[in-house]
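> Sharing start.tsv (TSV, C-alpha atoms) below.
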chain	number	residue	atom	x	y	z
F	1	MET	CA	180.99	13.48	-22.69
F	2	ASP	CA	184.61	14.63	-22.98
F	3	PHE	CA	184.93	18.08	-21.43
F	4	SER	CA	187.70	20.44	-22.46
F	5	ASN	CA	190.39	21.01	-19.85
F	6	ASP	CA	189.55	24.69	-19.46
F	7	LEU	CA	185.95	23.78	-18.55
F	8	LEU	CA	187.13	21.34	-15.90
F	9	ILE	CA	189.39	24.02	-14.41
F	10	LEU	CA	186.48	26.48	-14.46
F	11	ALA	CA	184.25	23.92	-12.70
F	12	SER	CA	186.83	23.52	-9.94
F	13	GLU	CA	187.05	27.30	-9.51
F	14	ALA	CA	183.25	27.46	-9.34
F	15	GLU	CA	182.94	24.90	-6.56
F	16	THR	CA	185.63	26.62	-4.49
F	17	ALA	CA	183.91	30.00	-4.81
F	18	LEU	CA	180.46	28.50	-4.21
F	19	ALA	CA	181.30	26.70	-0.95
F	20	PRO	CA	179.75	29.39	1.32
F	21	VAL	CA	176.78	29.74	-1.04
F	22	PHE	CA	176.13	26.00	-0.87
F	23	ALA	CA	176.40	26.11	2.92
F	24	GLU	CA	173.62	28.71	3.12
F	25	ILE	CA	171.45	26.69	0.73
F	26	ASP	CA	171.92	23.64	2.97
F	27	ARG	CA	171.00	25.69	6.05
F	28	ILE	CA	167.67	26.73	4.51
F	29	ALA	CA	167.01	23.12	3.48
F	30	SER	CA	167.58	22.01	7.08
F	31	VAL	CA	165.12	24.59	8.43
F	32	ASN	CA	162.46	23.50	5.96
F	33	THR	CA	163.10	19.79	6.48
F	34	GLU	CA	162.62	20.20	10.21
F	35	ARG	CA	159.29	21.91	9.61
F	36	VAL	CA	158.12	19.07	7.37
F	37	LEU	CA	159.21	16.43	9.89
F	38	ARG	CA	157.48	18.21	12.78
F	39	SER	CA	154.29	18.40	10.75
F	40	PHE	CA	154.43	14.71	9.80
F	41	ALA	CA	154.92	13.82	13.45
F	42	ALA	CA	152.09	16.07	14.62
F	43	HIS	CA	149.69	14.50	12.11
F	44	ARG	CA	150.91	10.95	12.82
F	45	VAL	CA	151.83	10.10	9.26
F	46	SER	CA	151.85	6.32	8.92
F	47	GLU	CA	151.80	3.50	6.38
F	48	ALA	CA	148.01	3.35	6.59
F	49	LEU	CA	147.76	6.87	5.13
F	50	PHE	CA	149.48	5.78	1.91
F	51	ALA	CA	146.56	3.59	0.83
F	52	GLY	CA	144.67	4.88	-2.19
F	53	SER	CA	140.96	5.51	-2.48
F	54	THR	CA	138.56	5.18	-5.41
F	55	GLY	CA	135.23	6.57	-6.48
F	56	TYR	CA	134.11	9.51	-4.37
F	57	GLY	CA	137.12	9.21	-2.10
F	58	TYR	CA	135.14	9.75	1.08
F	59	GLY	CA	137.13	9.02	4.22
F	60	ASP	CA	140.51	9.27	2.48
F	61	ASN	CA	142.55	9.98	5.60
F	62	GLY	CA	145.80	10.12	3.68
F	63	ARG	CA	144.48	12.84	1.38
F	64	ASP	CA	143.12	14.87	4.29
F	65	THR	CA	146.32	14.49	6.32
F	66	LEU	CA	148.42	15.64	3.38
F	67	ASP	CA	146.19	18.71	3.06
F	68	ALA	CA	146.70	19.48	6.74
F	69	SER	CA	150.46	18.99	6.51
F	70	TYR	CA	150.78	21.34	3.53
F	71	ALA	CA	148.82	23.95	5.48
F	72	ASP	CA	151.12	23.56	8.50
F	73	VAL	CA	154.36	23.67	6.59
F	74	PHE	CA	153.29	26.61	4.42
F	75	GLY	CA	151.95	28.65	7.35
F	76	ALA	CA	148.39	28.53	6.02
F	77	GLU	CA	145.00	27.78	7.59
F	78	ALA	CA	144.01	25.15	5.03
F	79	ALA	CA	145.18	23.50	1.84
F	80	ILE	CA	144.09	21.30	-1.04
F	81	VAL	CA	146.58	18.84	-2.58
F	82	ARG	CA	145.22	16.74	-5.42
F	83	PRO	CA	146.46	14.45	-8.19
F	84	HIS	CA	143.55	15.66	-10.34
F	85	ILE	CA	145.29	19.01	-10.92
F	86	VAL	CA	147.24	18.51	-14.14
F	87	ASN	CA	149.74	21.40	-13.94
F	88	GLY	CA	150.45	24.80	-12.43
F	89	THR	CA	148.25	26.66	-14.90
F	90	HIS	CA	145.32	24.40	-14.00
F	91	ALA	CA	145.88	25.06	-10.29
F	92	LEU	CA	146.06	28.81	-10.90
F	93	THR	CA	142.88	28.71	-12.97
F	94	ILE	CA	141.06	26.91	-10.16
F	95	GLY	CA	142.17	29.64	-7.78
F	96	LEU	CA	141.19	32.54	-10.04
F	97	PHE	CA	137.79	31.16	-11.02
F	98	GLY	CA	137.14	30.15	-7.43
F	99	LEU	CA	137.58	33.67	-6.05
F	100	LEU	CA	136.45	35.97	-8.87
F	101	ARG	CA	132.86	36.88	-9.74
F	102	PRO	CA	131.22	38.93	-12.54
F	103	GLY	CA	132.12	42.60	-12.19
F	104	ASP	CA	135.30	41.89	-10.22
F	105	VAL	CA	138.76	43.10	-11.17
F	106	MET	CA	141.90	41.00	-11.13
F	107	LEU	CA	144.90	43.27	-10.57
F	108	SER	CA	148.32	41.82	-11.37
F	109	VAL	CA	151.03	43.81	-9.58
F	110	THR	CA	154.03	42.05	-11.14
F	111	GLY	CA	153.31	43.09	-14.70
F	112	LYS	CA	151.63	40.93	-17.33
F	113	ALA	CA	150.52	37.53	-16.11
F	114	TYR	CA	152.50	34.50	-17.30
F	115	ASP	CA	151.95	33.41	-20.91
F	116	THR	CA	149.88	30.30	-20.17
F	117	LEU	CA	147.33	32.29	-18.15
F	118	ALA	CA	146.57	34.70	-20.99
F	119	GLU	CA	143.71	32.65	-22.44
F	120	ALA	CA	142.24	31.82	-19.03
F	121	ILE	CA	142.14	35.52	-18.18
F	122	GLY	CA	140.89	36.58	-21.61
F	123	LEU	CA	144.00	38.43	-22.78
F	124	ALA	CA	144.28	36.01	-25.70
F	125	GLY	CA	142.18	33.37	-27.40
F	126	LYS	CA	138.61	33.62	-28.66
F	127	ASN	CA	135.58	35.22	-27.07
F	128	GLY	CA	133.22	32.58	-25.78
F	129	ASP	CA	135.90	30.04	-24.86
F	130	GLY	CA	135.08	30.47	-21.18
F	131	SER	CA	137.76	32.88	-20.00
F	132	LEU	CA	137.36	35.15	-16.98
F	133	ALA	CA	136.57	37.97	-19.40
F	134	ASP	CA	133.65	35.96	-20.76
F	135	PHE	CA	132.25	35.88	-17.22
F	136	GLY	CA	132.54	39.63	-16.79
F	137	VAL	CA	135.82	39.74	-14.88
F	138	SER	CA	138.15	42.60	-15.79
F	139	TYR	CA	141.94	42.56	-15.75
F	140	ASP	CA	144.42	45.32	-15.00
F	141	GLU	CA	148.09	45.36	-14.14
F	142	VAL	CA	150.88	47.36	-12.57
F	143	ALA	CA	154.30	46.97	-14.14
F	144	LEU	CA	157.34	46.36	-12.00
F	145	LEU	CA	159.80	49.19	-11.56
F	146	THR	CA	162.82	49.29	-13.84
F	147	ASP	CA	164.95	47.70	-11.11
F	148	GLY	CA	162.46	44.83	-10.77
F	149	GLY	CA	160.94	46.15	-7.56
F	150	ILE	CA	157.27	46.53	-6.69
F	151	ASP	CA	155.59	49.80	-7.73
F	152	PHE	CA	153.69	50.56	-4.52
F	153	ALA	CA	152.55	53.96	-5.77
F	154	GLY	CA	151.17	52.29	-8.90
F	155	ILE	CA	149.32	49.70	-6.82
F	156	ASP	CA	147.83	52.40	-4.63
F	157	ALA	CA	146.62	54.31	-7.71
F	158	LYS	CA	144.97	51.21	-9.22
F	159	LEU	CA	143.27	50.29	-5.93
F	160	LYS	CA	141.84	53.80	-5.77
F	161	GLU	CA	140.80	53.68	-9.43
F	162	HIS	CA	138.92	50.37	-9.19
F	163	GLY	CA	137.89	50.55	-5.53
F	164	ALA	CA	136.06	47.56	-4.06
F	165	LYS	CA	135.88	45.89	-7.48
F	166	VAL	CA	139.44	44.62	-7.01
F	167	LYS	CA	138.84	41.12	-5.70
F	168	ILE	CA	142.30	39.64	-6.40
F	169	VAL	CA	145.70	41.28	-6.19
F	170	PHE	CA	147.84	38.81	-8.11
F	171	ILE	CA	151.57	38.29	-7.58
F	172	GLN	CA	153.77	36.11	-9.76
F	173	ARG	CA	156.66	35.19	-7.52
F	174	SER	CA	158.98	33.83	-10.19
F	175	LYS	CA	160.11	35.51	-13.38
F	176	GLY	CA	158.16	33.39	-15.88
F	177	TYR	CA	159.50	34.27	-19.31
F	178	ALA	CA	160.51	37.80	-18.26
F	179	ASN	CA	164.02	39.02	-17.51
F	180	ARG	CA	163.31	40.20	-13.99
F	181	LYS	CA	164.16	39.21	-10.44
F	182	THR	CA	162.19	36.74	-8.37
F	183	LEU	CA	160.37	37.98	-5.27
F	184	SER	CA	161.19	36.64	-1.82
F	185	ALA	CA	158.50	35.56	0.63
F	186	ASP	CA	159.29	38.64	2.73
F	187	GLU	CA	158.86	40.98	-0.25
F	188	ILE	CA	155.51	39.36	-1.02
F	189	GLY	CA	154.55	39.84	2.62
F	190	GLU	CA	155.29	43.55	2.28
F	191	VAL	CA	152.94	43.73	-0.71
F	192	ALA	CA	150.25	41.81	1.20
F	193	ARG	CA	150.41	44.22	4.15
F	194	PHE	CA	150.28	47.20	1.82
F	195	VAL	CA	147.22	45.85	-0.02
F	196	LYS	CA	145.35	44.79	3.12
F	197	ALA	CA	145.75	48.27	4.60
F	198	ARG	CA	143.88	49.64	1.58
F	199	SER	CA	141.62	46.89	0.28
F	200	GLY	CA	139.62	43.78	1.10
F	201	ALA	CA	141.04	41.95	-1.90
F	202	PHE	CA	142.51	38.47	-1.74
F	203	VAL	CA	146.29	38.48	-2.20
F	204	VAL	CA	146.98	35.51	-4.50
F	205	VAL	CA	150.47	34.26	-5.32
F	206	ASP	CA	151.64	32.13	-8.21
F	207	ASN	CA	154.21	30.32	-6.06
F	208	CYS	CA	155.53	28.02	-8.79
F	209	TYR	CA	159.28	27.37	-8.58
F	210	GLY	CA	159.55	29.19	-5.24
F	211	GLU	CA	158.54	26.60	-2.64
F	212	PHE	CA	161.22	25.83	-0.01
F	213	CYS	CA	163.66	28.36	-1.48
F	214	ASP	CA	163.16	30.65	1.53
F	215	GLU	CA	162.69	29.70	5.19
F	216	LYS	CA	158.95	30.38	4.88
F	217	GLU	CA	156.24	30.69	2.24
F	218	PRO	CA	154.18	33.76	1.28
F	219	THR	CA	151.14	32.48	3.23
F	220	ALA	CA	153.22	32.73	6.41
F	221	CYS	CA	153.86	36.37	5.46
F	222	GLY	CA	150.24	37.41	4.86
F	223	ALA	CA	149.19	36.13	1.43
F	224	ASP	CA	145.63	34.73	1.27
F	225	LEU	CA	146.37	32.03	-1.29
F	226	ILE	CA	149.48	30.42	-2.80
F	227	ILE	CA	149.31	28.05	-5.72
F	228	GLY	CA	151.71	25.60	-7.31
F	229	SER	CA	152.41	22.33	-9.07
F	230	LEU	CA	153.61	19.05	-7.57
F	231	ILE	CA	155.85	18.32	-10.55
F	232	LYS	CA	157.77	21.40	-9.50
F	233	ASN	CA	159.33	22.03	-6.07
F	234	PRO	CA	156.89	20.56	-3.51
F	235	GLY	CA	156.63	17.19	-5.27
F	236	GLY	CA	160.32	16.64	-4.58
F	237	GLY	CA	160.80	14.71	-7.82
F	238	MET	CA	158.57	11.91	-6.53
F	239	ALA	CA	155.04	13.13	-7.27
F	240	GLU	CA	153.92	11.96	-10.70
F	241	ILE	CA	151.17	14.57	-11.10
F	242	GLY	CA	149.20	17.07	-9.07
F	243	GLY	CA	148.94	20.58	-7.71
F	244	TYR	CA	148.13	22.43	-4.51
F	245	LEU	CA	146.40	25.53	-3.21
F	246	ALA	CA	147.05	26.74	0.35
F	247	GLY	CA	145.72	29.75	2.20
F	248	THR	CA	143.00	31.09	4.45
F	249	LYS	CA	140.02	28.89	5.28
F	250	ARG	CA	137.67	31.11	3.29
F	251	ALA	CA	139.90	31.20	0.21
F	252	ILE	CA	140.35	27.43	0.26
F	253	GLU	CA	136.62	26.87	0.76
F	254	LEU	CA	135.83	28.98	-2.31
F	255	VAL	CA	138.47	27.39	-4.55
F	256	SER	CA	137.40	23.91	-3.43
F	257	TYR	CA	133.96	24.66	-4.87
F	258	ARG	CA	135.62	25.37	-8.20
F	259	LEU	CA	137.73	22.21	-7.94
F	260	THR	CA	134.63	20.03	-7.55
F	261	SER	CA	131.22	21.62	-6.95
F	262	VAL	CA	129.55	24.04	-4.60
F	263	GLY	CA	128.46	22.04	-1.56
F	264	ILE	CA	131.00	19.28	-2.16
F	265	GLY	CA	134.33	21.11	-2.10
F	266	ALA	CA	137.37	19.27	-0.76
F	267	GLU	CA	135.44	16.41	0.85
F	268	CYS	CA	135.43	14.44	-2.39
F	269	GLY	CA	138.21	13.24	-4.67
F	270	ALA	CA	139.91	9.86	-4.73
F	271	SER	CA	143.69	9.80	-4.32
F	272	LEU	CA	144.01	6.83	-6.72
F	273	GLY	CA	147.16	5.43	-5.13
F	274	GLN	CA	149.14	8.67	-5.30
F	275	ASN	CA	149.29	9.42	-1.56
F	276	ARG	CA	152.60	7.65	-0.97
F	277	ASN	CA	154.43	9.52	-3.71
F	278	MET	CA	152.97	12.86	-2.68
F	279	PHE	CA	153.91	12.38	0.98
F	280	ARG	CA	157.36	11.12	0.03
F	281	GLY	CA	157.88	13.96	-2.42
F	282	PHE	CA	156.91	16.55	0.19
F	283	PHE	CA	159.46	14.97	2.55
F	284	TYR	CA	162.19	15.08	-0.11
F	285	ALA	CA	161.26	18.55	-1.36
F	286	PRO	CA	163.46	20.80	0.85
F	287	HIS	CA	166.55	18.71	0.01
F	288	THR	CA	165.66	18.36	-3.68
F	289	VAL	CA	165.09	22.10	-3.99
F	290	ALA	CA	168.51	22.66	-2.42
F	291	GLN	CA	170.06	20.41	-5.09
F	292	ALA	CA	168.32	22.45	-7.79
F	293	LYS	CA	169.49	25.74	-6.25
F	294	LYS	CA	173.08	24.49	-6.13
F	295	THR	CA	172.85	23.44	-9.77
F	296	ALA	CA	171.52	26.88	-10.69
F	297	ALA	CA	174.28	28.67	-8.76
F	298	PHE	CA	176.91	26.50	-10.48
F	299	ALA	CA	175.38	27.34	-13.86
F	300	SER	CA	175.39	31.05	-13.03
F	301	PHE	CA	179.10	30.98	-12.21
F	302	ILE	CA	180.08	28.96	-15.29
F	303	PHE	CA	178.12	30.94	-17.87
F	304	GLU	CA	178.96	34.34	-16.40
F	305	LYS	CA	182.66	33.45	-16.68
F	306	MET	CA	181.99	32.39	-20.28
F	307	GLY	CA	180.71	35.91	-20.98
F	308	TYR	CA	176.93	35.48	-20.94
F	309	PRO	CA	174.61	37.72	-18.89
F	310	VAL	CA	173.03	35.70	-16.09
F	311	GLU	CA	170.35	36.28	-13.44
F	312	PRO	CA	170.66	35.86	-10.55
F	313	LEU	CA	174.41	36.12	-10.12
F	314	TRP	CA	176.05	33.10	-8.50
F	315	ASN	CA	176.54	34.86	-5.16
F	316	GLU	CA	173.07	36.42	-4.92
F	317	ALA	CA	170.23	35.09	-2.76
F	318	ARG	CA	167.89	32.72	-4.63
F	319	HIS	CA	164.14	32.81	-4.10
F	320	ASP	CA	163.27	30.26	-6.78
F	321	ILE	CA	165.05	27.50	-8.67
F	322	ILE	CA	165.24	29.32	-12.02
F	323	GLN	CA	168.48	30.52	-13.57
F	324	THR	CA	168.48	32.62	-16.72
F	325	VAL	CA	171.26	32.86	-19.28
F	326	VAL	CA	171.01	35.39	-22.12
F	327	PHE	CA	172.56	34.31	-25.43
F	328	GLY	CA	171.56	37.14	-27.75
F	329	ASP	CA	170.88	34.84	-30.70
F	330	PRO	CA	168.76	31.74	-31.38
F	331	ASP	CA	171.76	29.50	-32.12
F	332	GLY	CA	173.18	29.97	-28.65
F	333	LEU	CA	169.82	29.33	-27.00
F	334	CYS	CA	169.27	26.16	-29.02
F	335	ALA	CA	172.82	24.89	-28.39
F	336	PHE	CA	172.37	25.38	-24.66
F	337	CYS	CA	169.06	23.48	-24.58
F	338	ARG	CA	170.49	20.68	-26.70
F	339	GLY	CA	173.42	20.41	-24.30
F	340	ILE	CA	171.09	20.15	-21.30
F	341	GLN	CA	169.14	17.41	-23.09
F	342	ALA	CA	172.31	15.53	-23.91
F	343	GLY	CA	173.32	15.67	-20.25
F	344	SER	CA	169.97	14.42	-18.96
F	345	PRO	CA	169.30	10.94	-17.55
F	346	VAL	CA	166.29	10.32	-19.81
F	347	ASP	CA	166.09	10.83	-23.60
F	348	SER	CA	169.65	12.11	-23.78
F	349	TYR	CA	169.79	11.04	-27.44
F	350	VAL	CA	166.94	13.39	-28.42
F	351	THR	CA	167.67	16.70	-30.17
F	352	PRO	CA	165.24	19.46	-29.07
F	353	GLU	CA	163.79	21.70	-31.77
F	354	PRO	CA	161.73	24.91	-31.44
F	355	TRP	CA	157.99	24.31	-31.80
F	356	ASP	CA	154.59	25.97	-31.42
F	357	MET	CA	153.91	25.02	-27.81
F	358	PRO	CA	150.27	25.43	-26.65
F	359	GLY	CA	149.76	28.55	-24.55
F	360	TYR	CA	152.74	30.49	-25.93
F	361	ASP	CA	152.88	33.18	-28.63
F	362	ASP	CA	156.41	32.37	-29.81
F	363	LYS	CA	158.07	29.12	-30.76
F	364	VAL	CA	159.63	27.50	-27.68
F	365	ILE	CA	162.60	25.17	-27.44
F	366	MET	CA	162.50	22.84	-24.47
F	367	ALA	CA	164.97	20.35	-23.04
F	368	ALA	CA	163.42	17.93	-20.58
F	369	GLY	CA	165.11	14.61	-19.97
F	370	THR	CA	162.87	13.79	-17.03
F	371	PHE	CA	161.43	10.69	-15.36
F	372	VAL	CA	158.06	12.48	-15.07
F	373	GLN	CA	156.92	14.24	-18.23
F	374	GLY	CA	157.20	18.02	-17.85
F	375	SER	CA	158.66	17.84	-14.34
F	376	SER	CA	160.39	21.17	-13.73
F	377	ILE	CA	162.05	20.10	-10.47
F	378	GLU	CA	163.99	17.66	-12.60
F	379	LEU	CA	166.63	18.90	-15.00
F	380	SER	CA	165.06	21.05	-17.71
F	381	ALA	CA	165.65	24.17	-19.76
F	382	ASP	CA	163.51	26.12	-22.15
F	383	GLY	CA	163.06	29.50	-23.73
F	384	PRO	CA	160.99	31.35	-26.31
F	385	LEU	CA	162.56	32.07	-29.67
F	386	ARG	CA	162.46	35.84	-29.27
F	387	PRO	CA	165.07	38.48	-28.38
F	388	PRO	CA	167.14	38.55	-26.24
F	389	TYR	CA	167.02	34.73	-26.57
F	390	THR	CA	167.07	33.82	-22.92
F	391	ALA	CA	167.31	30.28	-21.59
F	392	PHE	CA	165.37	29.52	-18.42
F	393	PHE	CA	167.11	26.69	-16.62
F	394	GLN	CA	165.69	24.94	-13.59
F	395	GLY	CA	165.78	21.79	-11.54
F	396	GLY	CA	168.18	18.95	-10.96
F	397	LEU	CA	167.28	16.07	-8.67
F	398	THR	CA	170.92	15.82	-7.65
F	399	TYR	CA	173.65	18.43	-7.81
F	400	GLU	CA	176.05	15.91	-9.34
F	401	SER	CA	173.78	15.22	-12.31
F	402	GLY	CA	172.99	18.92	-12.65
F	403	LYS	CA	176.68	19.78	-12.75
F	404	TYR	CA	177.22	17.21	-15.50
F	405	ALA	CA	174.41	18.70	-17.61
F	406	ILE	CA	175.71	22.25	-17.14
F	407	LEU	CA	179.18	21.26	-18.30
F	408	THR	CA	177.66	19.42	-21.26
F	409	ALA	CA	175.72	22.54	-22.26
F	410	ALA	CA	178.87	24.64	-21.85
F	411	GLN	CA	180.78	22.22	-24.12
F	412	PHE	CA	178.03	22.43	-26.74
F	413	LEU	CA	178.40	26.23	-26.72
F	414	ARG	CA	182.18	25.96	-27.01
F	415	ASP	CA	181.80	23.59	-29.94
F	416	LEU	CA	179.31	25.97	-31.58
F	417	LYS	CA	181.98	28.65	-31.73
Mind turning this structure into structure tokens?

Amino acid sequence: MDFSNDLLILASEAETALAPVFAEIDRIASVNTERVLRSFAAHRVSEALFAGSTGYGYGDNGRDTLDASYADVFGAEAAIVRPHIVNGTHALTIGLFGLLRPGDVMLSVTGKAYDTLAEAIGLAGKNGDGSLADFGVSYDEVALLTDGGIDFAGIDAKLKEHGAKVKIVFIQRSKGYANRKTLSADEIGEVARFVKARSGAFVVVDNCYGEFCDEKEPTACGADLIIGSLIKNPGGGMAEIGGYLAGTKRAIELVSYRLTSVGIGAECGASLGQNRNMFRGFFYAPHTVAQAKKTAAFASFIFEKMGYPVEPLWNEARHDIIQTVVFGDPDGLCAFCRGIQAGSPVDSYVTPEPWDMPGYDDKVIMAAGTFVQGSSIELSADGPLRPPYTAFFQGGLTYESGKYAILTAAQFLRDLK
């Protein structure tokens, strides 16, 4: 790709300005890497644990050690890490169905739940498909404040309205497809303390895209359950599939019964040769997440200077790996995604087109030149074809490759004009 001279000058300005930002990102990565290494040492991670199991998977020491390490690192009592979980939505569904019972209320306190959960909850789809609503679970929500903050008064009112029926207070850490800020682990901890002072509900966090962005995870701050995907942050770009749930012993016991069966729980489940990649990915994860955060900060600087609204700003703290850029029209959004695809290591020759993606109400354009299909910790960008036509950019296994893709996308936008 031949970049225009003005873009190269802008890239140099960006890296000079971002030097202290990158230093802070590296500091957080060092803190998290040390925690992973201490956990691996404490649990005596060895070559023998990388062997796969088959069938029932009884006695899979690698699987059980990985569970214990996730719990340690995430400040939780227990965890489940499995290759059988196909994506983040699947992991979240396991958590919700594991904890909720007929007559219960699920209260989302970060506004409407993410698009792909709508059918699982019963906000979309057909009656009888097996949603939570079909099993007598009700849903309510509290919108975020106009500044993106938590509406504590609104939460208090809903807890009083529904009383003991509220079984889950649900927090979506990242922005999803909404133009709002991402919550830090400390902010989630504040919500957890507020809820626990008023309710016996489980505080459940969709932690996707947020792992290792702060020095600690929401479970270390009081959340009962955090949930995520291994082809996002904690897989470190090495895990080929999988998801995790980490939290209190009781929460993990209940969700394990949904994962397999009541009475079996987490004691069963073959690792099928995936242990090595999941251990290795967890080891890489703090560093890989830092690379993604640097790529996002670089993108924020470049596109803000080009005149596009961005969130977060390049010099703001980052609590997930997602960067948004608002284009205001579908042509800009599509040009950006096509530029990211062209700058990717895999399928760079492909031209993304908007399509009816399962689980979404609007057409979605998606750029994903990844080694693992759908891996969001790798370089990817997507967005729904609806106003204000926002691109959601995330990932980058290395900052150098991420920088190249950002400049390619910027050149595509320049050429569009």
> Which residue, F:Val372, F:Met357, F:Ala223, F:Ala178, has the smallest gap to F:Thr390 when you use only C-alpha atoms?
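Looking at the shortest contact to F:Thr390, the residue is F:Ala178.
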> What is the atom CA of F:Gly281 to atom CA of F:Ile365 distance in Å?
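Here the two named atoms are 27.8 Å from each other.
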> Tell me, as a ChimeraX atom specification, which residues lie within 6 Å of stretch 314-325 of chain F, counting all atoms listed in the file; anything in the same chain fewer than 3 positions away does not count.
/F:184,209-210,213,293,296-297,300-301,309-311,390-394
> When you look at F:Asn207 with a cut-off of 8 Å (counting all atoms listed in the file), what residues show up, excluding the ones that are within fewer than 2 positions of it in the same chain? I need them as number ranges by chain.
F: 172-174, 205, 209-211, 226-228
> Could you check how far atom CA of F:Ser108 sits from atom CA of F:Pro83, in Å to one decimal?
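Atom-to-atom, atom CA of F:Ser108 and atom CA of F:Pro83 are spaced 27.6 Å apart.
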> Fewer than 5 positions away in the same chain doesn't count, so skip those; otherwise give me all residues within 10 Å of F:Thr89, counting all atoms listed in the file, as a list in words.
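My list of contacting residues is Ile94, Gly95, Tyr114, Asp115, Thr116, Leu117, Ala120, Asp206, Cys208, Ile227, Gly228, Ser229, Gly243 and Gly359 of chain F.
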> Within 8 Å of (149.3, 24.7, 1.3) in the file's own coordinates, which protein, DNA or RNA residues have an atom, counting all atoms listed in the file? List them as number ranges by chain.
F: 67-76, 78-81, 226-227, 244-247
> For the selection just defined, write its residues with C-alpha atoms to a file, as a PDB file, in the frame of the given file.

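After the write, result21.pdb holds the following:
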ATOM      1  CA  ASP F  67     146.190  18.710   3.060  1.00  0.00           C
ATOM      2  CA  ALA F  68     146.700  19.480   6.740  1.00  0.00           C
ATOM      3  CA  SER F  69     150.460  18.990   6.510  1.00  0.00           C
ATOM      4  CA  TYR F  70     150.780  21.340   3.530  1.00  0.00           C
ATOM      5  CA  ALA F  71     148.820  23.950   5.480  1.00  0.00           C
ATOM      6  CA  ASP F  72     151.120  23.560   8.500  1.00  0.00           C
ATOM      7  CA  VAL F  73     154.360  23.670   6.590  1.00  0.00           C
ATOM      8  CA  PHE F  74     153.290  26.610   4.420  1.00  0.00           C
ATOM      9  CA  GLY F  75     151.950  28.650   7.350  1.00  0.00           C
ATOM     10  CA  ALA F  76     148.390  28.530   6.020  1.00  0.00           C
ATOM     11  CA  ALA F  78     144.010  25.150   5.030  1.00  0.00           C
ATOM     12  CA  ALA F  79     145.180  23.500   1.840  1.00  0.00           C
ATOM     13  CA  ILE F  80     144.090  21.300  -1.040  1.00  0.00           C
ATOM     14  CA  VAL F  81     146.580  18.840  -2.580  1.00  0.00           C
ATOM     15  CA  ILE F 226     149.480  30.420  -2.800  1.00  0.00           C
ATOM     16  CA  ILE F 227     149.310  28.050  -5.720  1.00  0.00           C
ATOM     17  CA  TYR F 244     148.130  22.430  -4.510  1.00  0.00           C
ATOM     18  CA  LEU F 245     146.400  25.530  -3.210  1.00  0.00           C
ATOM     19  CA  ALA F 246     147.050  26.740   0.350  1.00  0.00           C
ATOM     20  CA  GLY F 247     145.720  29.750   2.200  1.00  0.00           C
TER      21      GLY F 247
END
> Please report the interatomic distance between atom CA of F:Ala157 and atom CA of F:Phe97 in Å with one decimal.
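One can read the atom CA of F:Ala157 to atom CA of F:Phe97 distance as 25.0 Å.
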> With all atoms listed in the file as the atoms that count, which of F:Gly136, F:Gly125, F:Gly130, F:Gly265 lies nearest to F:Asp104?
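Once distances to F:Asp104 are computed over all atoms listed in the file, the minimum belongs to F:Gly136.
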> Skipping near chain neighbours, those fewer than 2 positions away, what residues fall within 7 Å of F:Val169 using only C-alpha atoms, listed as a PDB file with C-alpha atoms, in the coordinates of the input?

ATOM      1  CA  MET F 106     141.900  41.000 -11.130  1.00  0.00           C
ATOM      2  CA  LEU F 107     144.900  43.270 -10.570  1.00  0.00           C
ATOM      3  CA  SER F 108     148.320  41.820 -11.370  1.00  0.00           C
ATOM      4  CA  VAL F 109     151.030  43.810  -9.580  1.00  0.00           C
ATOM      5  CA  LYS F 167     138.840  41.120  -5.700  1.00  0.00           C
ATOM      6  CA  ILE F 171     151.570  38.290  -7.580  1.00  0.00           C
ATOM      7  CA  ALA F 201     141.040  41.950  -1.900  1.00  0.00           C
ATOM      8  CA  PHE F 202     142.510  38.470  -1.740  1.00  0.00           C
ATOM      9  CA  VAL F 203     146.290  38.480  -2.200  1.00  0.00           C
ATOM     10  CA  VAL F 204     146.980  35.510  -4.500  1.00  0.00           C
TER      11      VAL F 204
END
> What's around F:Pro330 at 9 Å? Count all atoms listed in the file, leave out sequence neighbours fewer than 4 positions away in its own chain, and write the answer as a ChimeraX atom specification.
/F:334-335,385-390
> In file coordinates, which residues lie within 12 Å of (167.1, 21.2, -6.8) using only C-alpha atoms, given as an MDAnalysis selection string?
chainID F and resid 22 25:26 29 209:213 232:237 284:298 318 320:323 375:380 393:403
> Here is a test: counting all atoms listed in the file, which residue of F:Thr260, F:Ser271, F:Asn32, F:Thr182 is nearest to F:Tyr58?
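Distance minimum relative to F:Tyr58 lands on F:Ser271.
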